[in-house]
>>> print(open('entry-v7.cif').read())   # mmCIF, C-alpha atoms and all ligand atoms
data_work
loop_
_atom_site.label_atom_id
_atom_site.label_comp_id
_atom_site.auth_asym_id
_atom_site.auth_seq_id
_atom_site.Cartn_x
_atom_site.Cartn_y
_atom_site.Cartn_z
CA MET A 110 44.90 -21.41 -7.77
CA ARG A 111 43.43 -22.82 -4.57
CA PRO A 112 41.41 -20.16 -2.74
CA LEU A 113 42.80 -18.89 0.58
CA ILE A 114 40.16 -19.33 3.29
CA GLY A 115 40.34 -17.50 6.60
CA VAL A 116 39.02 -19.60 9.48
CA PHE A 117 38.36 -17.46 12.54
CA ALA A 118 39.93 -18.69 15.75
CA HIS A 119 37.51 -19.20 18.62
CA ALA A 120 37.72 -18.88 22.38
CA PRO A 121 37.48 -22.39 23.90
CA ARG A 122 34.57 -23.49 26.08
CA THR A 123 36.68 -24.36 29.12
CA LEU A 124 37.91 -21.47 31.22
CA GLU A 125 41.68 -21.08 31.24
CA PHE A 126 43.94 -19.03 33.48
CA PHE A 127 44.98 -17.17 30.34
CA ALA A 128 42.98 -16.25 27.25
CA VAL A 129 43.29 -18.69 24.34
CA GLN A 130 42.27 -18.57 20.69
CA THR A 131 42.21 -21.89 18.91
CA CYS A 132 40.87 -23.83 15.90
CA PRO A 133 39.77 -27.49 15.68
CA GLU A 134 41.65 -29.43 12.97
CA THR A 135 38.40 -30.70 11.44
CA TYR A 136 37.66 -27.28 9.84
CA LEU A 137 41.13 -27.19 8.27
CA MET A 138 40.86 -30.78 7.01
CA ALA A 139 37.42 -30.16 5.52
CA LEU A 140 38.68 -27.08 3.63
CA GLU A 141 41.88 -28.73 2.43
CA ASN A 142 39.95 -31.78 1.20
CA ALA A 143 37.58 -29.45 -0.65
CA GLY A 144 40.48 -27.80 -2.55
CA ALA A 145 41.26 -24.70 -0.46
CA ASP A 146 44.24 -23.46 1.55
CA PRO A 147 42.97 -22.60 5.05
CA VAL A 148 44.60 -20.05 7.34
CA ILE A 149 43.62 -19.40 10.98
CA LEU A 150 42.75 -15.77 11.71
CA PRO A 151 43.01 -14.42 15.26
CA VAL A 152 40.10 -12.25 16.37
CA TYR A 153 41.12 -9.04 18.08
CA ASP A 154 40.54 -5.35 18.24
CA SER A 155 42.49 -3.73 15.41
CA ASP A 156 40.49 -2.31 12.54
CA GLU A 157 43.59 -2.06 10.34
CA THR A 158 44.56 -5.71 10.91
CA LEU A 159 41.03 -7.00 10.40
CA ARG A 160 40.77 -5.07 7.11
CA ARG A 161 44.02 -6.65 5.97
CA TYR A 162 42.68 -10.15 6.71
CA VAL A 163 39.50 -9.38 4.79
CA GLN A 164 41.49 -8.18 1.78
CA MET A 165 43.91 -11.13 1.93
CA CYS A 166 41.42 -14.03 1.96
CA ASP A 167 38.98 -15.24 -0.71
CA GLY A 168 36.39 -16.55 1.75
CA PHE A 169 35.79 -16.98 5.49
CA VAL A 170 34.55 -19.60 7.95
CA LEU A 171 33.02 -18.65 11.30
CA PRO A 172 33.46 -21.71 13.54
CA GLY A 173 31.56 -23.10 16.52
CA GLY A 174 32.43 -21.99 20.03
CA ILE A 175 31.11 -20.51 23.24
CA ASP A 176 27.78 -18.72 23.80
CA VAL A 177 27.17 -15.31 22.25
CA ASN A 178 26.80 -12.56 24.86
CA PRO A 179 23.14 -11.35 24.67
CA LEU A 180 24.14 -7.68 25.11
CA THR A 181 25.24 -7.88 21.44
CA TYR A 182 21.55 -8.10 20.47
CA GLY A 183 20.10 -5.90 23.18
CA GLU A 184 19.11 -8.50 25.79
CA ASP A 185 20.21 -9.20 29.36
CA PRO A 186 21.64 -12.59 30.41
CA HIS A 187 19.23 -15.50 30.96
CA PRO A 188 20.03 -17.69 34.04
CA LEU A 189 21.10 -20.60 31.79
CA LEU A 190 23.49 -18.59 29.64
CA GLN A 191 26.86 -20.38 29.53
CA GLY A 192 30.45 -19.09 29.23
CA ASN A 193 30.81 -16.13 26.89
CA ARG A 194 33.13 -13.25 26.01
CA LEU A 195 31.71 -9.89 25.04
CA ASP A 196 35.08 -8.50 23.90
CA PHE A 197 35.53 -11.45 21.53
CA ASP A 198 31.96 -11.10 20.20
CA GLU A 199 32.43 -7.41 19.47
CA CYS A 200 35.67 -7.98 17.52
CA GLU A 201 34.06 -10.81 15.58
CA LEU A 202 31.00 -8.68 14.73
CA HIS A 203 33.32 -5.95 13.46
CA LEU A 204 35.18 -8.48 11.30
CA ILE A 205 31.90 -9.92 9.94
CA ARG A 206 30.70 -6.44 8.91
CA LEU A 207 33.97 -5.81 7.06
CA ILE A 208 33.60 -9.14 5.23
CA LEU A 209 29.98 -8.45 4.29
CA GLU A 210 31.01 -5.12 2.72
CA THR A 211 33.19 -7.06 0.26
CA LYS A 212 30.47 -9.66 -0.52
CA LYS A 213 33.10 -12.41 -0.24
CA PRO A 214 31.75 -15.90 0.61
CA LEU A 215 31.09 -16.54 4.28
CA LEU A 216 30.14 -19.82 5.99
CA GLY A 217 28.90 -19.69 9.60
CA ILE A 218 28.85 -22.91 11.61
CA CYS A 219 27.00 -23.38 14.95
CA ARG A 220 28.05 -20.36 17.07
CA GLY A 221 29.25 -18.86 13.75
CA CYS A 222 25.70 -19.19 12.40
CA GLN A 223 24.35 -17.52 15.55
CA ILE A 224 26.71 -14.54 15.67
CA LEU A 225 26.34 -14.02 11.90
CA ASN A 226 22.59 -13.71 12.50
CA VAL A 227 23.32 -11.10 15.20
CA ALA A 228 25.48 -9.20 12.68
CA PHE A 229 22.39 -9.00 10.43
CA GLY A 230 20.32 -7.63 13.36
CA GLY A 231 18.82 -10.95 14.52
CA THR A 232 18.36 -12.42 18.02
CA LEU A 233 19.04 -15.78 19.69
CA TYR A 234 17.48 -18.20 22.15
CA GLN A 235 19.95 -17.94 25.02
CA ASP A 236 18.87 -21.44 26.10
CA ILE A 237 16.56 -23.47 23.85
CA VAL A 238 15.11 -25.86 26.44
CA SER A 239 13.94 -23.19 28.89
CA MET A 240 12.93 -20.57 26.31
CA ARG A 241 11.16 -22.64 23.66
CA GLU A 242 8.28 -24.91 24.61
CA GLY A 243 8.17 -28.26 22.78
CA ALA A 244 11.79 -28.10 21.65
CA GLN A 245 13.48 -31.41 20.92
CA LEU A 246 16.97 -32.36 22.11
CA HIS A 247 19.65 -30.24 20.39
CA SER A 248 22.49 -31.13 22.78
CA GLN A 249 23.36 -34.44 21.18
CA THR A 250 23.65 -37.57 23.36
CA GLU A 251 24.68 -39.87 20.48
CA LEU A 252 28.37 -40.52 21.10
CA THR A 253 29.65 -42.15 17.89
CA PRO A 254 32.22 -39.80 16.29
CA GLY A 255 30.71 -38.08 13.26
CA ALA A 256 27.20 -39.37 14.09
CA THR A 257 24.03 -37.41 13.38
CA SER A 258 21.15 -37.03 15.84
CA HIS A 259 18.09 -35.32 14.31
CA ARG A 260 16.41 -34.54 10.99
CA ILE A 261 15.96 -31.20 9.26
CA LYS A 262 13.49 -30.12 6.58
CA ILE A 263 15.16 -28.23 3.73
CA GLU A 264 13.52 -25.42 1.70
CA PRO A 265 13.21 -25.75 -2.09
CA GLY A 266 15.56 -23.56 -4.12
CA SER A 267 18.23 -23.37 -1.40
CA ILE A 268 21.93 -24.27 -1.55
CA LEU A 269 21.23 -27.11 0.89
CA GLU A 270 18.46 -28.56 -1.28
CA GLU A 271 20.83 -28.54 -4.24
CA LEU A 272 23.32 -30.57 -2.15
CA TYR A 273 21.08 -32.82 -0.04
CA GLY A 274 17.47 -32.77 -1.24
CA SER A 275 14.42 -32.02 0.93
CA GLU A 276 15.49 -33.73 4.18
CA MET A 277 18.70 -34.81 5.87
CA ARG A 278 20.08 -35.87 9.24
CA VAL A 279 22.46 -33.57 11.09
CA ASN A 280 24.49 -33.62 14.28
CA SER A 281 23.45 -31.17 17.01
CA PHE A 282 25.72 -29.60 19.63
CA HIS A 283 23.91 -26.40 20.56
CA HIS A 284 21.85 -25.12 23.51
CA GLN A 285 21.41 -21.72 21.83
CA ALA A 286 19.76 -21.10 18.45
CA VAL A 287 18.56 -18.40 16.07
CA LYS A 288 15.30 -16.82 17.37
CA ASP A 289 14.45 -13.87 15.11
CA LEU A 290 16.30 -13.91 11.80
CA GLY A 291 18.24 -10.78 10.86
CA ASN A 292 17.22 -8.49 7.99
CA GLY A 293 17.89 -10.02 4.59
CA LEU A 294 18.26 -13.59 5.89
CA LYS A 295 16.00 -16.42 4.73
CA ALA A 296 15.57 -19.67 6.70
CA THR A 297 16.43 -22.60 4.42
CA ALA A 298 16.21 -25.48 6.92
CA ARG A 299 14.42 -26.19 10.20
CA ALA A 300 14.34 -29.04 12.70
CA TYR A 301 10.92 -30.66 13.19
CA ASP A 302 10.40 -28.55 16.34
CA GLY A 303 10.67 -25.41 14.17
CA ILE A 304 14.17 -24.37 15.30
CA ILE A 305 16.06 -22.70 12.43
CA GLU A 306 18.94 -24.95 11.38
CA ALA A 307 20.15 -23.03 8.30
CA TYR A 308 19.71 -19.72 6.50
CA GLU A 309 21.07 -17.85 3.49
CA ALA A 310 21.54 -14.09 2.96
CA VAL A 311 19.34 -13.01 0.07
CA ASP A 312 21.53 -10.22 -1.35
CA TYR A 313 24.89 -12.01 -1.22
CA PRO A 314 26.44 -14.54 -3.64
CA PHE A 315 27.28 -16.98 -0.80
CA VAL A 316 26.44 -16.32 2.84
CA LEU A 317 25.32 -19.54 4.52
CA GLY A 318 24.68 -20.25 8.20
CA VAL A 319 24.28 -23.83 9.43
CA GLN A 320 23.46 -24.73 13.03
CA TRP A 321 25.13 -28.16 12.89
CA HIS A 322 28.79 -29.10 12.40
CA PRO A 323 29.32 -30.34 8.81
CA GLU A 324 33.09 -30.46 9.41
CA GLN A 325 32.60 -33.13 12.09
CA GLU A 326 31.87 -35.63 9.34
CA THR A 327 35.63 -35.68 8.75
CA ASN A 328 35.97 -37.52 12.08
CA ALA A 329 34.65 -40.60 10.34
CA ASP A 330 36.73 -40.15 7.16
CA ARG A 331 39.57 -37.65 7.37
CA THR A 332 39.96 -37.56 3.58
CA ALA A 333 36.27 -37.05 2.72
CA ILE A 334 35.29 -34.18 0.41
CA LEU A 335 32.22 -32.79 2.18
CA PRO A 336 29.43 -31.27 0.04
CA ILE A 337 28.98 -27.97 1.95
CA PHE A 338 32.71 -27.27 1.95
CA LYS A 339 33.07 -28.21 -1.72
CA ARG A 340 30.22 -25.84 -2.65
CA PHE A 341 31.68 -23.09 -0.44
CA VAL A 342 35.17 -23.44 -1.93
CA GLU A 343 33.71 -23.35 -5.45
CA ALA A 344 31.99 -20.05 -4.52
CA CYS A 345 35.38 -18.68 -3.38
MN MN B 401 19.96 -28.99 16.15
#
>>> encode(input="entry-v7.cif", output="structure tokens")
Amino acid sequence: MRPLIGVFAHAPRTLEFFAVQTCPETYLMALENAGADPVILPVYDSDETLRRYVQMCDGFVLPGGIDVNPLTYGEDPHPLLQGNRLDFDECELHLIRLILETKKPLLGICRGCQILNVAFGGTLYQDIVSMREGAQLHSQTELTPGATSHRIKIEPGSILEELYGSEMRVNSFHHQAVKDLGNGLKATARAYDGIIEAYEAVDYPFVLGVQWHPEQETNADRTAILPIFKRFVEAC
């Protein structure tokens, strides 16, 4: 049977007059193409509901989205912090902890990779350019849909190395990034400026965080079976 994958909704970047939770189609397409049945999970404050979601699904995807509020990792806001929602972050962190208890597979993408690191006790660069000297461009200016913009070095023995070898090109749509990795996380890929682009959780069968958007590759070919999603669905 095809695994049922919960994709968290995210709060959109643009401010609305009413709160919205949404999910880009590319995540759903990537999962369907990889052999899973995706379902969008709203993120809100009900322990009972969140536990039901966790029980119901075989694996989970944390999508990209707005900035993570720095109070979640014990820091005050930097002047270049962008739109964020503390209430949303707190519900998501609660949901992540419930998922981790079950050891079910979890894939964090972009903001998902960042908040998953916070759930493990890690911290973030609130703004890469102003907080990290010598950083390269991570807010991509290449406009072609599905295009990549920088290279990453991949660690031997990692899931990514198994899929892509020792180096690959990735897209890059982030002004925040992982600073200190959480307990039990191991960096498995970095950009050439040293920014962490991927990590795995040592004590879990499949917990992977990637700073780029692998699902965006479906913009170029909507029927493509993408390696990360295929590997994730197999783990589910
Ligand atoms: Mn990047």
>>> residues_near_ligand(input="entry-v7.cif", ligand="ligand MN 401 (chain B)", cutoff="8 Å", atoms="all atoms listed in the file", output="NGL selection string")
:A and (246-248 or 259 or 279-283 or 300 or 304 or 306 or 320-321)
>>> residues_around(input="entry-v7.cif", residues="region 179-184 of chain A", least_positions_apart="2", cutoff="7 Å", atoms="only C-alpha atoms", output="PyMOL selection string")
chain A and resi 177+186+227+232
>>> closest_residue(input="entry-v7.cif", among="A:Gly115, A:Gly217, A:Gly192, A:Gly173", to="Leu317 (chain A)", atoms="only C-alpha atoms")
A:Gly217
>>> atom_distance(input="entry-v7.cif", atom1="CA of Asp302 (chain A)", atom2="CA of Pro265 (chain A)")
18.9 Å
>>> closest_residue(input="entry-v7.cif", among="A:Leu207, A:Ala145, A:Leu272, A:Val116", to="Cys132 (chain A)", atoms="only C-alpha atoms")
A:Val116
>>> closest_residue(input="entry-v7.cif", among="A:Pro133, A:Pro121, A:Gly144, A:Gly174", to="Leu335 (chain A)", atoms="only C-alpha atoms")
A:Gly144
>>> atom_distance(input="entry-v7.cif", atom1="CA of Ile261 (chain A)", atom2="CA of Leu189 (chain A)")
25.4 Å
>>> closest_residue(input="entry-v7.cif", among="A:Glu309, A:Glu270, A:Asp146, A:Glu242", to="Leu225 (chain A)", atoms="all atoms listed in the file")
A:Glu309
>>> closest_residue(input="entry-v7.cif", among="A:Arg299, A:Thr257, A:Asp176, A:Asn193", to="Ser275 (chain A)", atoms="all atoms listed in the file")
A:Arg299
>>> axis_aligned_box(input="entry-v7.cif", around="region 175-185 of chain A", padding_each_side="3 Å", output="lines of an AutoDock Vina configuration file")
center_x = 25.1
center_y = -13.2
center_z = 24.9
size_x = 18.0
size_y = 20.6
size_z = 14.9
